[in-house]
Amino acid sequence: MTQMQFEAPTSIDDAVRCLAAAGESAKILAGGTDLLVQLRSGRVSPETIVDIKQIPELREVREENGGFRIGAAVAGAELSENSAVKSAWPGVVEGLDLIGSTQIQGRASLGGNLCNASPAADSVPAMIAAGAICSVVGPDGRRDVNVEDIATGPGQTALSSGEFVASILLPARPPHSGDAYLRFIPRTEMDIAVVGAGVSLTLDDDGTCVAARVALGAVAPTALLVEAAGAALVGTRVDDAALANLAAAASAACNPIDDKRGTIEYRTKVAGVLARRAAETALERARAN
Amino acid sequence: MAKHHVSASVNGDPVEFLCDTQDTLLDVLRNNLQLTGSKEGCSTGDCGACSVTVDGRLMCSCLVLGIEADGRDIGTIEGVAEGDDLHPLQKHFLEEAALQCGICTPGFIVAAKALLEHNPDPTETEMRYWLAGNLCRCTGYDKIITAVTNAAAELREK
Amino acid sequence: MGNEEQQFKTVKKSAATSGYKVVGTRPVRPDGIEKVTGRANFGADLSLPGMLTGRIVRSPHAHARIISIKTDQAMALPGVKAVVTSADFPEIGPKQRGAGEAPISFRDLSRNVMAREKALYDGHAVAAVAATTAAIADQAAALIEVEYEVLPHVLDAREAMKPDAPVLHDDIFTKGVDPKPETPSNVTQRFQFGLGDTDAGFAEAEVVVEHDFTTQCVHQGYIEPHACVVDTTEDGMATVWASSQGQFMVRNYSATLCGMDISKVRVLPAEIGGGFGGKTTVYIEPVAIMLSKKSGKPVKLVMGREDVFRATGPTSGGHAYAKIGAKKDGTIVAAELTMEYEAGAFAGSPVQFGCMTGYAPYDIPNVKAVGYDVVVNRPKVAAYRAPGAPVAAFAVESALDDLAIKLNMDPIALREKNAAKEGTQAAYGPKFQRIGFVETLEAAKDHPHYSAPLGPNQGRGVASGFWFNIGGESSAAIHVNEDGTVEVVTANPDIGGSRASMAIMAAEVLGIGVDRVKPLIADTASSAYSALTGGSRVTFAVGKAVCEAADEVVDILRARAAKVWDVDLETVEWKDGAAINTKSDEGETLTLAQIANSAGKTGGPISGAANINAAGAGPGFGTHICDVEIDPETGRTSVIRYTAIQDVGTAIHPSYVEGQLQGGAAQGIGWALNEEYIYDDKGRLQNGGFLDYRVPVASDLPMIDTVLVEVPNPGHRFGVRGVGEVPIIPPLAAVANAVAAAAGTRVNDLPISPPRLLAAIDGAK
């Protein structure tokens, strides 16, 4: 039986070389909270594991043009301790923060959560709502990809062989804007999202909404950017009527499955409820900004 | 068939071991280092019975590879007491009868210790959410919360 | 939920125990230090030199004929030392039955441990391997080729009762029906209990409620997976290190399944990481014995979490129909209960206990309880804390709640009006002696929880429950050390703090401090037989044996003192840990330590023993109050306040008694709200892990208030009643009744998960 190899490159270039040498049968290790479970169950059997946590860019959080560039392997617990990111993008931090337990938080990362491409990933709807952009590196160099374009289906990404997400850029937060992420789970913790809703909105000086992005998780093969739901808020004061339209648009966009975590009917219904509640929180935060 | 040679520190003591790539830190602690205080309840990171700290950060050792321990400081239940002196958490778990079968207790004590180092005066809600990753099937969590509350109070007085 | 609620807990020594020195106090448990430092050794913590790792191969089909099993590729893999299938186990005839609490079929047990002709559930063991490393064992397991003929499967009890249902066993002819059926079916037995004439009773009723309920299969959910290490020697001896609820049970069952004399198996009890009834049988020990015999090496076999869910426990899901008739003043005149329980792949659901316990808290002149035990393609059920009772109580206590609403009567008042008391004839047979049900109702009524105000979307539910509790065969030995300290040796695994209670009782009888008493749990070669830990019997029955052994020691100590003083035995009294010469003017005394120190001079080492079959167990009753808050837009339920009230007889160590109430309540809450087995259309388990099998986590629950009502059991010198099982019985209906009050609509199907509740709320609009 062939021994599973382990590499821990210390630079992007080294990592790209490693992955190219290892070929299709390599798996990237960030926090390992998905990979180790899949390894144990036999769902994946890579020949090589490439640990990217020794690469400085992957582990740093830096300000960039008023926004933040977050290394793809920064752990949720670390990001929660970064008060600057937390106060600028509380919804994104909330989303990452909700993944699993405190123990999981010690390891789970934005990059891992995104690239594992579970439709129910908690950090993704808020990243989409924030307009986050991934910096993807690979044998052909570096390129930017919108977060919503990374996952293409359950467990599938748009990354080519040998590519990985090095960091994620959260743009500068405009004034009078706020974001929020809510998820529905049957218990209070520890469950995979049955529905997730991320909302980011911006108001003008008079309190009218000028921009809004609404994203839903766990209601389609990938997290969804629901343009109609965002549009329902733009030009309004985000009153009850606008929120009701947002909720309806959110439910209408759902294309979920029946599985052990929720039914189609239930997810569709609750998506509307959550989208509305997330928008209400985002609105509060926007008004306080 | 070359294994990985790993040097780490466990509870302040230097250790060395050999492991395969897919061996978890939990496997290594229990099988290579004979530190069986960390327990395997699920091996999927859902029960917390394997809780340890790595460079001070609370994690499930079943979700860390043994090789990732290289150069790191690992904290396990075996290192919580200082010689013969029990940590206030251990003392209060006993006094408040916060354990029945005891299988989850090492994980809870490691997790609660990490909590009190992070936040020395947590509310009941903060405690419950911090400890949500530690499952207990015997106690209903009530006496565990009481024990952590009392240990926190004692530690704050020190 | 704030800490201010804790003021209502019993923290003082109670009136029931105020006359005792040690009983009723809260010393630190004797095995505590090992458990908080990680030193305590559980089933998977032992390693032996040269040990192999065992792995079990399991059926991926819910129902299939096993055509062939090819093991040569696995055997040929370097590092593989043994492969085992059912061919390695002796065939056991249908008549061989076990002794003990309830008859078990060793033929069924053997087939459950290792499938023979058929695989009967997803996860059914079909083969096993042992290899030098875990990785090789996993590889070898994958190389075992099993040829299956997949058969149609059935998962639901009522479906399995239909004439066209797939039949699991061709030798099951329903017992308890007349005429006896001529074709095999999935209904193994029909039970009936009752008294009076329910038809006549219902004719007199002025108000009638009837409901149909369903519950799902749930697992005990112990955090420690089953684990054992077995070593065998060439003389045919097997030494088994295992965590279980009974080392003698493990010995008996393993020896029988492996075709060995009982004396050839020695079982050493590891600490046990939770059992709740689920570890009162064997799954892996006989397999490990065979692997060790075949390989000539020690074998460690530990179940993975998914296999624990797939192939052990669980308890029955099923259907229940309850009908209750009453007069307008609340007097219940007739009650019916009909239930179908899933037994899993082999006969033996606890439906008869459900029938016996459902209406037991009430004095009803006409009762009819009928139960069907039905096999389905699920893992064979095992005991889970008051087996059979929670589902029956869910039906009965929900129906009572509905009756109270229809009568416009307070739910506690309704129960008080019909409460069983001393002298009441229980529908399942005996007349109750002194019991404490009414006291629990009064305590509930008087508790501040019951009158606390409720906010929007909040509701309160009340429910009660009953469990028999048992006595049984128990042994204890007490050895006096030369320095006057004492060893108390019993042979029952400590699953909830019973060591502390044994030490307390021994200390009380001997009159010495509890710190002078060291309790030990012996293996099967070092102790006389003791029935397993279960049935809420250890503190009661093993405690009785401890007390009687202590009595014997006291008599010996008195005799030794009498010898020293050269007086008659009757002259010597024993008080506060010392012998007193009642005829001496100076009040001559000899302490236990003094007598122990010179034991050699007065006759030799001092020991006492008791081997009993304890009778006189007192039944237990509980009443729980639950407040919930629901989210009407998502159907989510939060338990915001919970109080568990129970008649516990005498609380030997109150903290551990409180712990039983809290733990049982938490399990019941999980059962009511989120726990269930989910299978796909091929009969494969979908949620065999703690991610999707949703037990309550710390943030799901409030502080759980407890009230220990102490109505001493006349059958035990300290008044002990079993307490461990009652607490899981009331919560299912307490939660369901609270949700009904909060939501304005009743959900009769458990778990009341958010989609179910939301559908009910929307449906009721």
# chains A, B, ... in the order shown; residues from 1 in each chain; ligands from 1
>>> interface_residues(of="chain C", to="chain A", cutoff="10 Å", atoms="only C-alpha atoms", output="JSON list (two decimals) with N, CA and C atoms, in the first residue's frame")
[["chain", "number", "residue", "atom", "x", "y", "z"],
["C", 135, "ALA", "N", -4.63, 0.23, 10.21],
["C", 135, "ALA", "CA", -4.69, 0.47, 8.76],
["C", 135, "ALA", "C", -4.81, -0.86, 8.02],
["C", 136, "ILE", "N", -4.05, -1.86, 8.44],
["C", 136, "ILE", "CA", -4.13, -3.17, 7.78],
["C", 136, "ILE", "C", -5.48, -3.81, 8.05],
["C", 139, "GLN", "N", -7.93, -2.32, 5.70],
["C", 139, "GLN", "CA", -7.73, -2.86, 4.35],
["C", 139, "GLN", "C", -8.28, -4.26, 4.24],
["C", 306, "GLU", "N", -20.18, 5.54, 14.04],
["C", 306, "GLU", "CA", -21.24, 5.24, 13.09],
["C", 306, "GLU", "C", -21.75, 3.82, 13.30],
["C", 633, "GLU", "N", -42.62, 31.30, 13.40],
["C", 633, "GLU", "CA", -42.29, 31.42, 11.98],
["C", 633, "GLU", "C", -41.37, 30.31, 11.50],
["C", 634, "THR", "N", -40.69, 29.63, 12.42],
["C", 634, "THR", "CA", -39.78, 28.57, 12.00],
["C", 634, "THR", "C", -40.11, 27.23, 12.65],
["C", 635, "GLY", "N", -40.97, 27.22, 13.65],
["C", 635, "GLY", "CA", -41.29, 25.98, 14.33],
["C", 635, "GLY", "C", -40.24, 25.52, 15.33],
["C", 636, "ARG", "N", -39.30, 26.39, 15.64],
["C", 636, "ARG", "CA", -38.24, 25.99, 16.56],
["C", 636, "ARG", "C", -38.74, 26.10, 18.00],
["C", 637, "THR", "N", -38.35, 25.13, 18.83],
["C", 637, "THR", "CA", -38.75, 25.11, 20.23],
["C", 637, "THR", "C", -37.53, 25.25, 21.11],
["C", 638, "SER", "N", -37.59, 26.14, 22.09],
["C", 638, "SER", "CA", -36.54, 26.24, 23.10],
["C", 638, "SER", "C", -37.12, 25.86, 24.44],
["C", 670, "GLY", "N", -34.35, 15.60, 24.50],
["C", 670, "GLY", "CA", -33.81, 15.29, 23.17],
["C", 670, "GLY", "C", -34.74, 14.37, 22.40],
["C", 673, "LEU", "N", -37.71, 16.43, 21.14],
["C", 673, "LEU", "CA", -37.54, 17.53, 20.19],
["C", 673, "LEU", "C", -36.74, 17.23, 18.94],
["C", 674, "ASN", "N", -35.67, 16.43, 19.06],
["C", 674, "ASN", "CA", -34.78, 16.38, 17.89],
["C", 674, "ASN", "C", -34.18, 15.03, 17.55],
["C", 677, "TYR", "N", -33.90, 8.32, 14.29],
["C", 677, "TYR", "CA", -33.14, 7.59, 13.28],
["C", 677, "TYR", "C", -33.75, 7.90, 11.92],
["C", 678, "ILE", "N", -32.89, 8.24, 10.97],
["C", 678, "ILE", "CA", -33.37, 8.56, 9.63],
["C", 678, "ILE", "C", -32.77, 7.55, 8.65],
["C", 679, "TYR", "N", -33.62, 6.84, 7.94],
["C", 679, "TYR", "CA", -33.18, 5.85, 6.96],
["C", 679, "TYR", "C", -33.53, 6.32, 5.55],
["C", 680, "ASP", "N", -32.74, 5.89, 4.56],
["C", 680, "ASP", "CA", -33.11, 6.20, 3.17],
["C", 680, "ASP", "C", -34.03, 5.10, 2.65],
["C", 686, "GLN", "N", -29.00, 7.13, 7.72],
["C", 686, "GLN", "CA", -28.45, 8.36, 7.16],
["C", 686, "GLN", "C", -27.77, 9.25, 8.19],
["C", 687, "ASN", "N", -28.09, 9.06, 9.44],
["C", 687, "ASN", "CA", -27.56, 10.00, 10.43],
["C", 687, "ASN", "C", -26.86, 9.27, 11.58],
["C", 690, "PHE", "N", -22.98, 12.12, 15.61],
["C", 690, "PHE", "CA", -23.53, 13.14, 16.50],
["C", 690, "PHE", "C", -23.82, 14.46, 15.78],
["C", 691, "LEU", "N", -23.44, 14.56, 14.50],
["C", 691, "LEU", "CA", -23.79, 15.77, 13.76],
["C", 691, "LEU", "C", -25.28, 15.79, 13.46],
["C", 692, "ASP", "N", -25.75, 14.68, 12.91],
["C", 692, "ASP", "CA", -27.15, 14.64, 12.49],
["C", 692, "ASP", "C", -28.04, 13.79, 13.38],
["C", 693, "TYR", "N", -27.48, 13.08, 14.35],
["C", 693, "TYR", "CA", -28.31, 12.49, 15.41],
["C", 693, "TYR", "C", -28.19, 13.49, 16.56],
["C", 694, "ARG", "N", -29.25, 14.25, 16.75],
["C", 694, "ARG", "CA", -29.11, 15.51, 17.50],
["C", 694, "ARG", "C", -29.45, 15.39, 18.98],
["C", 695, "VAL", "N", -28.44, 15.06, 19.77],
["C", 695, "VAL", "CA", -28.66, 15.05, 21.22],
["C", 695, "VAL", "C", -28.54, 16.48, 21.73],
["C", 696, "PRO", "N", -29.15, 16.79, 22.87],
["C", 696, "PRO", "CA", -29.06, 18.16, 23.37],
["C", 696, "PRO", "C", -27.62, 18.55, 23.69],
["C", 697, "VAL", "N", -27.25, 19.76, 23.27],
["C", 697, "VAL", "CA", -25.94, 20.31, 23.64],
["C", 697, "VAL", "C", -26.16, 21.32, 24.76],
["C", 698, "ALA", "N", -25.04, 21.76, 25.36],
["C", 698, "ALA", "CA", -25.15, 22.59, 26.57],
["C", 698, "ALA", "C", -26.00, 23.84, 26.36],
["C", 699, "SER", "N", -25.93, 24.42, 25.16],
["C", 699, "SER", "CA", -26.68, 25.66, 24.92],
["C", 699, "SER", "C", -28.15, 25.41, 24.65],
["C", 700, "ASP", "N", -28.55, 24.15, 24.52],
["C", 700, "ASP", "CA", -29.96, 23.82, 24.26],
["C", 700, "ASP", "C", -30.79, 23.78, 25.53],
["C", 701, "LEU", "N", -30.14, 23.69, 26.67],
["C", 701, "LEU", "CA", -30.87, 23.41, 27.90],
["C", 701, "LEU", "C", -30.70, 24.51, 28.92],
["C", 753, "SER", "N", -39.79, 18.20, 15.79],
["C", 753, "SER", "CA", -38.75, 18.97, 15.13],
["C", 753, "SER", "C", -39.39, 20.19, 14.48],
["C", 754, "PRO", "N", -38.59, 21.20, 14.16],
["C", 754, "PRO", "CA", -39.17, 22.42, 13.61],
["C", 754, "PRO", "C", -40.08, 22.22, 12.40],
["C", 755, "PRO", "N", -39.72, 21.38, 11.42],
["C", 755, "PRO", "CA", -40.66, 21.23, 10.30],
["C", 755, "PRO", "C", -42.01, 20.68, 10.74],
["C", 756, "ARG", "N", -42.01, 19.73, 11.70],
["C", 756, "ARG", "CA", -43.29, 19.17, 12.14],
["C", 756, "ARG", "C", -44.13, 20.23, 12.83],
["C", 758, "LEU", "N", -43.90, 23.51, 12.59],
["C", 758, "LEU", "CA", -44.32, 24.58, 11.67],
["C", 758, "LEU", "C", -45.50, 24.12, 10.83],
["C", 759, "ALA", "N", -45.43, 22.88, 10.36],
["C", 759, "ALA", "CA", -46.54, 22.35, 9.57],
["C", 759, "ALA", "C", -47.82, 22.31, 10.41]]
>>> residues_around(residues="stretch 140-144 of chain B", least_positions_apart="2", cutoff="9 Å", atoms="only C-alpha atoms", output="PyMOL selection string")
(chain B and resi 92-93+96-99+108+128+135-138+146-149) or (chain C and resi 659+661-667+696-698+701-705)
>>> write_last_selection(atoms="C-alpha atoms", output="compact mmCIF listing (two decimals), in the first residue's frame")
# COMPACT_ATOMS: atom_id res chain seq x y z
CA HIS B 92 -15.17 21.89 41.51
CA PHE B 93 -16.17 19.16 39.08
CA GLU B 96 -20.38 19.77 42.48
CA ALA B 97 -20.76 16.16 41.23
CA ALA B 98 -20.40 17.45 37.68
CA LEU B 99 -19.54 14.01 36.36
CA PHE B 108 -14.94 19.42 29.41
CA ARG B 128 -23.08 27.05 27.46
CA LEU B 135 -21.41 16.46 24.62
CA CYS B 136 -22.52 14.97 27.90
CA ARG B 137 -25.24 12.37 27.97
CA CYS B 138 -25.30 11.75 31.72
CA THR B 146 -22.32 25.09 38.35
CA ALA B 147 -18.81 23.66 38.61
CA VAL B 148 -17.43 25.99 35.93
CA THR B 149 -19.16 28.97 37.54
CA GLY C 659 -27.78 14.04 38.60
CA LEU C 661 -33.04 13.40 37.44
CA GLN C 662 -31.20 15.98 35.35
CA GLY C 663 -29.62 13.47 32.99
CA GLY C 664 -32.84 11.57 32.39
CA ALA C 665 -34.73 14.80 31.79
CA ALA C 666 -32.13 15.92 29.23
CA GLN C 667 -32.41 12.63 27.35
CA PRO C 696 -29.06 18.16 23.37
CA VAL C 697 -25.94 20.31 23.64
CA ALA C 698 -25.15 22.59 26.57
CA LEU C 701 -30.87 23.41 27.90
CA PRO C 702 -31.54 25.62 30.90
CA MET C 703 -30.51 24.73 34.44
CA ILE C 704 -32.65 21.72 35.41
CA ASP C 705 -34.18 22.21 38.81
>>> residues_around(residues="C:Val572", least_positions_apart="2", cutoff="7 Å", atoms="only C-alpha atoms", output="ChimeraX atom specification")
/C:558,562,569-570,574,579-582
>>> closest_residue(among="A:Cys18, A:Ala282, A:Ala172, A:Cys115", to="A:Gly138", atoms="only C-alpha atoms")
A:Cys18
>>> residues_around(residues="C:Gly455", least_positions_apart="2", cutoff="12 Å", atoms="only C-alpha atoms", output="PyMOL selection string")
chain C and resi 452-453+457-460+627-630+640+741-742
>>> write_last_selection(atoms="C-alpha atoms", output="CSV table (one decimal), in the first residue's frame")
chain,number,residue,atom,x,y,z
C,452,ALA,CA,-44.3,31.7,37.3
C,453,PRO,CA,-45.7,34.0,34.6
C,457,ASN,CA,-45.2,32.2,22.4
C,458,GLN,CA,-44.4,30.4,25.7
C,459,GLY,CA,-46.3,27.5,27.2
C,460,ARG,CA,-46.1,25.2,30.1
C,627,ASP,CA,-41.7,25.7,29.9
C,628,VAL,CA,-41.0,26.2,26.2
C,629,GLU,CA,-40.9,29.1,23.9
C,630,ILE,CA,-41.6,28.5,20.3
C,640,ILE,CA,-36.6,27.7,28.8
C,741,ALA,CA,-49.9,25.2,25.1
C,742,ALA,CA,-47.4,27.6,23.4
>>> interface_residues(of="chain B", to="chain C", cutoff="6 Å", atoms="only C-alpha atoms", output="PyMOL selection string")
chain B and resi 36-37+41-42+46+77-78+90+94-95+100-103+106+128-129+132+138-142
>>> closest_atom_pairs(of="chain A", to="chain B", cutoff="7 Å", atoms="only C-alpha atoms", output="Markdown table")
| residue | atom | partner | partner_atom | distance |
| --- | --- | --- | --- | --- |
| A:Gln3 | CA | B:Met1 | CA | 6.7 |
| A:Met4 | CA | B:Thr21 | CA | 5.9 |
| A:Gln5 | CA | B:Thr21 | CA | 6.4 |
| A:Phe6 | CA | B:Thr21 | CA | 6.1 |
| A:Gly32 | CA | B:Leu63 | CA | 6.1 |
| A:Thr33 | CA | B:Leu63 | CA | 5.8 |
| A:Leu36 | CA | B:Leu63 | CA | 5.8 |
| A:Val37 | CA | B:Thr44 | CA | 5.4 |
| A:Ser101 | CA | B:Gly133 | CA | 4.6 |
| A:Thr102 | CA | B:Trp130 | CA | 5.8 |
| A:Gln103 | CA | B:Met59 | CA | 4.0 |
| A:Ile104 | CA | B:Met59 | CA | 6.3 |
| A:Gly106 | CA | B:Met59 | CA | 5.5 |
| A:Glu189 | CA | B:Ala132 | CA | 6.5 |
| A:Met190 | CA | B:Gly133 | CA | 6.9 |
>>> atom_distance(atom1="atom CA of A:Asp97", atom2="atom CA of A:Ala15")
27.5 Å
>>> residues_around(residues="C:Ala125", least_positions_apart="6", cutoff="7 Å", atoms="only C-alpha atoms", output="list in words")
Ile56, Val57, Arg58, Ser59, Val113, Met114 and Ala115 of chain C
>>> write_last_selection(atoms="C-alpha atoms", output="PDB file, in the first residue's frame")
ATOM      1  CA  ILE C  56     -15.970  -5.789  11.968  1.00  0.00           C
ATOM      2  CA  VAL C  57     -17.387  -6.035   8.446  1.00  0.00           C
ATOM      3  CA  ARG C  58     -21.009  -4.995   8.286  1.00  0.00           C
ATOM      4  CA  SER C  59     -23.873  -5.464   5.882  1.00  0.00           C
ATOM      5  CA  VAL C 113     -23.481 -10.603  17.077  1.00  0.00           C
ATOM      6  CA  MET C 114     -22.601 -12.322  13.796  1.00  0.00           C
ATOM      7  CA  ALA C 115     -25.162 -12.804  11.051  1.00  0.00           C
TER       8      ALA C 115
END
>>> select_by_dssp(residues="chain B", states="strand (DSSP E or B)", output="ChimeraX atom specification")
/B:4-10,13-19,24,51-54,57-60,65,73-75,82,85
>>> write_last_selection(atoms="N, CA and C atoms", output="PDB file, in the first residue's frame")
ATOM      1  N   HIS B   4       6.667   9.749   9.535  1.00  0.00           N
ATOM      2  CA  HIS B   4       7.116  11.101   9.864  1.00  0.00           C
ATOM      3  C   HIS B   4       7.680  11.099  11.276  1.00  0.00           C
ATOM      4  N   HIS B   5       8.769  11.794  11.448  1.00  0.00           N
ATOM      5  CA  HIS B   5       9.347  11.945  12.779  1.00  0.00           C
ATOM      6  C   HIS B   5       8.911  13.299  13.318  1.00  0.00           C
ATOM      7  N   VAL B   6       8.226  13.283  14.423  1.00  0.00           N
ATOM      8  CA  VAL B   6       7.651  14.517  14.947  1.00  0.00           C
ATOM      9  C   VAL B   6       8.227  14.820  16.317  1.00  0.00           C
ATOM     10  N   SER B   7       8.609  16.080  16.519  1.00  0.00           N
ATOM     11  CA  SER B   7       9.025  16.550  17.845  1.00  0.00           C
ATOM     12  C   SER B   7       8.054  17.614  18.293  1.00  0.00           C
ATOM     13  N   ALA B   8       7.540  17.439  19.480  1.00  0.00           N
ATOM     14  CA  ALA B   8       6.567  18.407  19.985  1.00  0.00           C
ATOM     15  C   ALA B   8       6.745  18.518  21.487  1.00  0.00           C
ATOM     16  N   SER B   9       5.914  19.328  22.082  1.00  0.00           N
ATOM     17  CA  SER B   9       5.919  19.436  23.533  1.00  0.00           C
ATOM     18  C   SER B   9       4.507  19.104  24.000  1.00  0.00           C
ATOM     19  N   VAL B  10       4.391  18.192  24.943  1.00  0.00           N
ATOM     20  CA  VAL B  10       3.072  17.835  25.469  1.00  0.00           C
ATOM     21  C   VAL B  10       3.044  18.139  26.958  1.00  0.00           C
ATOM     22  N   ASP B  13       6.354  18.898  28.396  1.00  0.00           N
ATOM     23  CA  ASP B  13       7.452  17.937  28.273  1.00  0.00           C
ATOM     24  C   ASP B  13       7.762  17.694  26.805  1.00  0.00           C
ATOM     25  N   PRO B  14       9.050  17.649  26.429  1.00  0.00           N
ATOM     26  CA  PRO B  14       9.382  17.350  25.028  1.00  0.00           C
ATOM     27  C   PRO B  14       9.070  15.894  24.706  1.00  0.00           C
ATOM     28  N   VAL B  15       8.485  15.660  23.548  1.00  0.00           N
ATOM     29  CA  VAL B  15       8.199  14.291  23.106  1.00  0.00           C
ATOM     30  C   VAL B  15       8.633  14.129  21.666  1.00  0.00           C
ATOM     31  N   GLU B  16       8.858  12.873  21.302  1.00  0.00           N
ATOM     32  CA  GLU B  16       9.145  12.533  19.904  1.00  0.00           C
ATOM     33  C   GLU B  16       8.346  11.297  19.559  1.00  0.00           C
ATOM     34  N   PHE B  17       7.859  11.256  18.342  1.00  0.00           N
ATOM     35  CA  PHE B  17       7.159  10.050  17.926  1.00  0.00           C
ATOM     36  C   PHE B  17       7.199   9.914  16.416  1.00  0.00           C
ATOM     37  N   LEU B  18       6.875   8.707  15.951  1.00  0.00           N
ATOM     38  CA  LEU B  18       6.756   8.439  14.528  1.00  0.00           C
ATOM     39  C   LEU B  18       5.275   8.259  14.212  1.00  0.00           C
ATOM     40  N   CYS B  19       4.848   8.769  13.081  1.00  0.00           N
ATOM     41  CA  CYS B  19       3.451   8.557  12.706  1.00  0.00           C
ATOM     42  C   CYS B  19       3.286   8.572  11.200  1.00  0.00           C
ATOM     43  N   THR B  24      -4.182  10.744  13.351  1.00  0.00           N
ATOM     44  CA  THR B  24      -4.593  12.009  13.955  1.00  0.00           C
ATOM     45  C   THR B  24      -3.795  12.253  15.231  1.00  0.00           C
ATOM     46  N   SER B  51     -10.856  16.814  23.245  1.00  0.00           N
ATOM     47  CA  SER B  51     -10.381  18.198  23.270  1.00  0.00           C
ATOM     48  C   SER B  51      -8.978  18.329  23.835  1.00  0.00           C
ATOM     49  N   VAL B  52      -8.152  19.096  23.142  1.00  0.00           N
ATOM     50  CA  VAL B  52      -6.811  19.444  23.606  1.00  0.00           C
ATOM     51  C   VAL B  52      -6.592  20.898  23.239  1.00  0.00           C
ATOM     52  N   THR B  53      -5.468  21.467  23.699  1.00  0.00           N
ATOM     53  CA  THR B  53      -5.078  22.771  23.170  1.00  0.00           C
ATOM     54  C   THR B  53      -3.804  22.591  22.356  1.00  0.00           C
ATOM     55  N   VAL B  54      -3.699  23.342  21.269  1.00  0.00           N
ATOM     56  CA  VAL B  54      -2.490  23.364  20.444  1.00  0.00           C
ATOM     57  C   VAL B  54      -2.022  24.809  20.423  1.00  0.00           C
ATOM     58  N   ARG B  57      -4.657  27.025  21.753  1.00  0.00           N
ATOM     59  CA  ARG B  57      -5.933  27.136  21.066  1.00  0.00           C
ATOM     60  C   ARG B  57      -6.702  25.830  21.228  1.00  0.00           C
ATOM     61  N   LEU B  58      -7.967  25.895  21.648  1.00  0.00           N
ATOM     62  CA  LEU B  58      -8.774  24.696  21.877  1.00  0.00           C
ATOM     63  C   LEU B  58      -9.161  24.058  20.549  1.00  0.00           C
ATOM     64  N   MET B  59      -8.935  22.745  20.425  1.00  0.00           N
ATOM     65  CA  MET B  59      -9.320  22.029  19.225  1.00  0.00           C
ATOM     66  C   MET B  59      -9.697  20.598  19.571  1.00  0.00           C
ATOM     67  N   CYS B  60     -10.326  19.934  18.598  1.00  0.00           N
ATOM     68  CA  CYS B  60     -10.550  18.492  18.702  1.00  0.00           C
ATOM     69  C   CYS B  60      -9.317  17.800  18.149  1.00  0.00           C
ATOM     70  N   LEU B  65      -3.907  16.439  12.397  1.00  0.00           N
ATOM     71  CA  LEU B  65      -3.020  15.324  12.071  1.00  0.00           C
ATOM     72  C   LEU B  65      -1.857  15.299  13.054  1.00  0.00           C
ATOM     73  N   ASP B  73       3.078  23.205  21.035  1.00  0.00           N
ATOM     74  CA  ASP B  73       2.808  22.876  22.433  1.00  0.00           C
ATOM     75  C   ASP B  73       1.413  22.301  22.526  1.00  0.00           C
ATOM     76  N   ILE B  74       1.334  21.060  22.949  1.00  0.00           N
ATOM     77  CA  ILE B  74       0.020  20.417  23.080  1.00  0.00           C
ATOM     78  C   ILE B  74      -0.352  20.372  24.546  1.00  0.00           C
ATOM     79  N   GLY B  75      -1.571  20.744  24.853  1.00  0.00           N
ATOM     80  CA  GLY B  75      -2.059  20.671  26.231  1.00  0.00           C
ATOM     81  C   GLY B  75      -3.168  19.642  26.332  1.00  0.00           C
ATOM     82  N   GLU B  82      -1.464  20.512  38.607  1.00  0.00           N
ATOM     83  CA  GLU B  82      -0.038  20.838  38.780  1.00  0.00           C
ATOM     84  C   GLU B  82       0.513  19.943  39.870  1.00  0.00           C
ATOM     85  N   ASP B  85      -1.576  19.105  42.976  1.00  0.00           N
ATOM     86  CA  ASP B  85      -2.618  20.111  43.151  1.00  0.00           C
ATOM     87  C   ASP B  85      -3.585  20.083  41.990  1.00  0.00           C
TER      88      ASP B  85
END
>>> residues_around(residues="A:Gly178", least_positions_apart="5", cutoff="12 Å", atoms="only C-alpha atoms", output="PyMOL selection string")
chain A and resi 86-92+126+129-130+172-173+198-203+209+211-213+278-289
>>> atom_distance(atom1="atom CA of C:Ile761", atom2="atom CA of A:Pro119")
28.2 Å
>>> closest_residue(among="C:Thr623, C:Leu291, C:Asp568, C:Val154", to="C:Arg55", atoms="only C-alpha atoms")
C:Leu291
>>> select_by_dssp(residues="stretch 137-318 of chain C", states="alpha helix (DSSP H)", output="PyMOL selection string")
chain C and resi 137-143+157-160+198-204+247-258+285-295+305-311
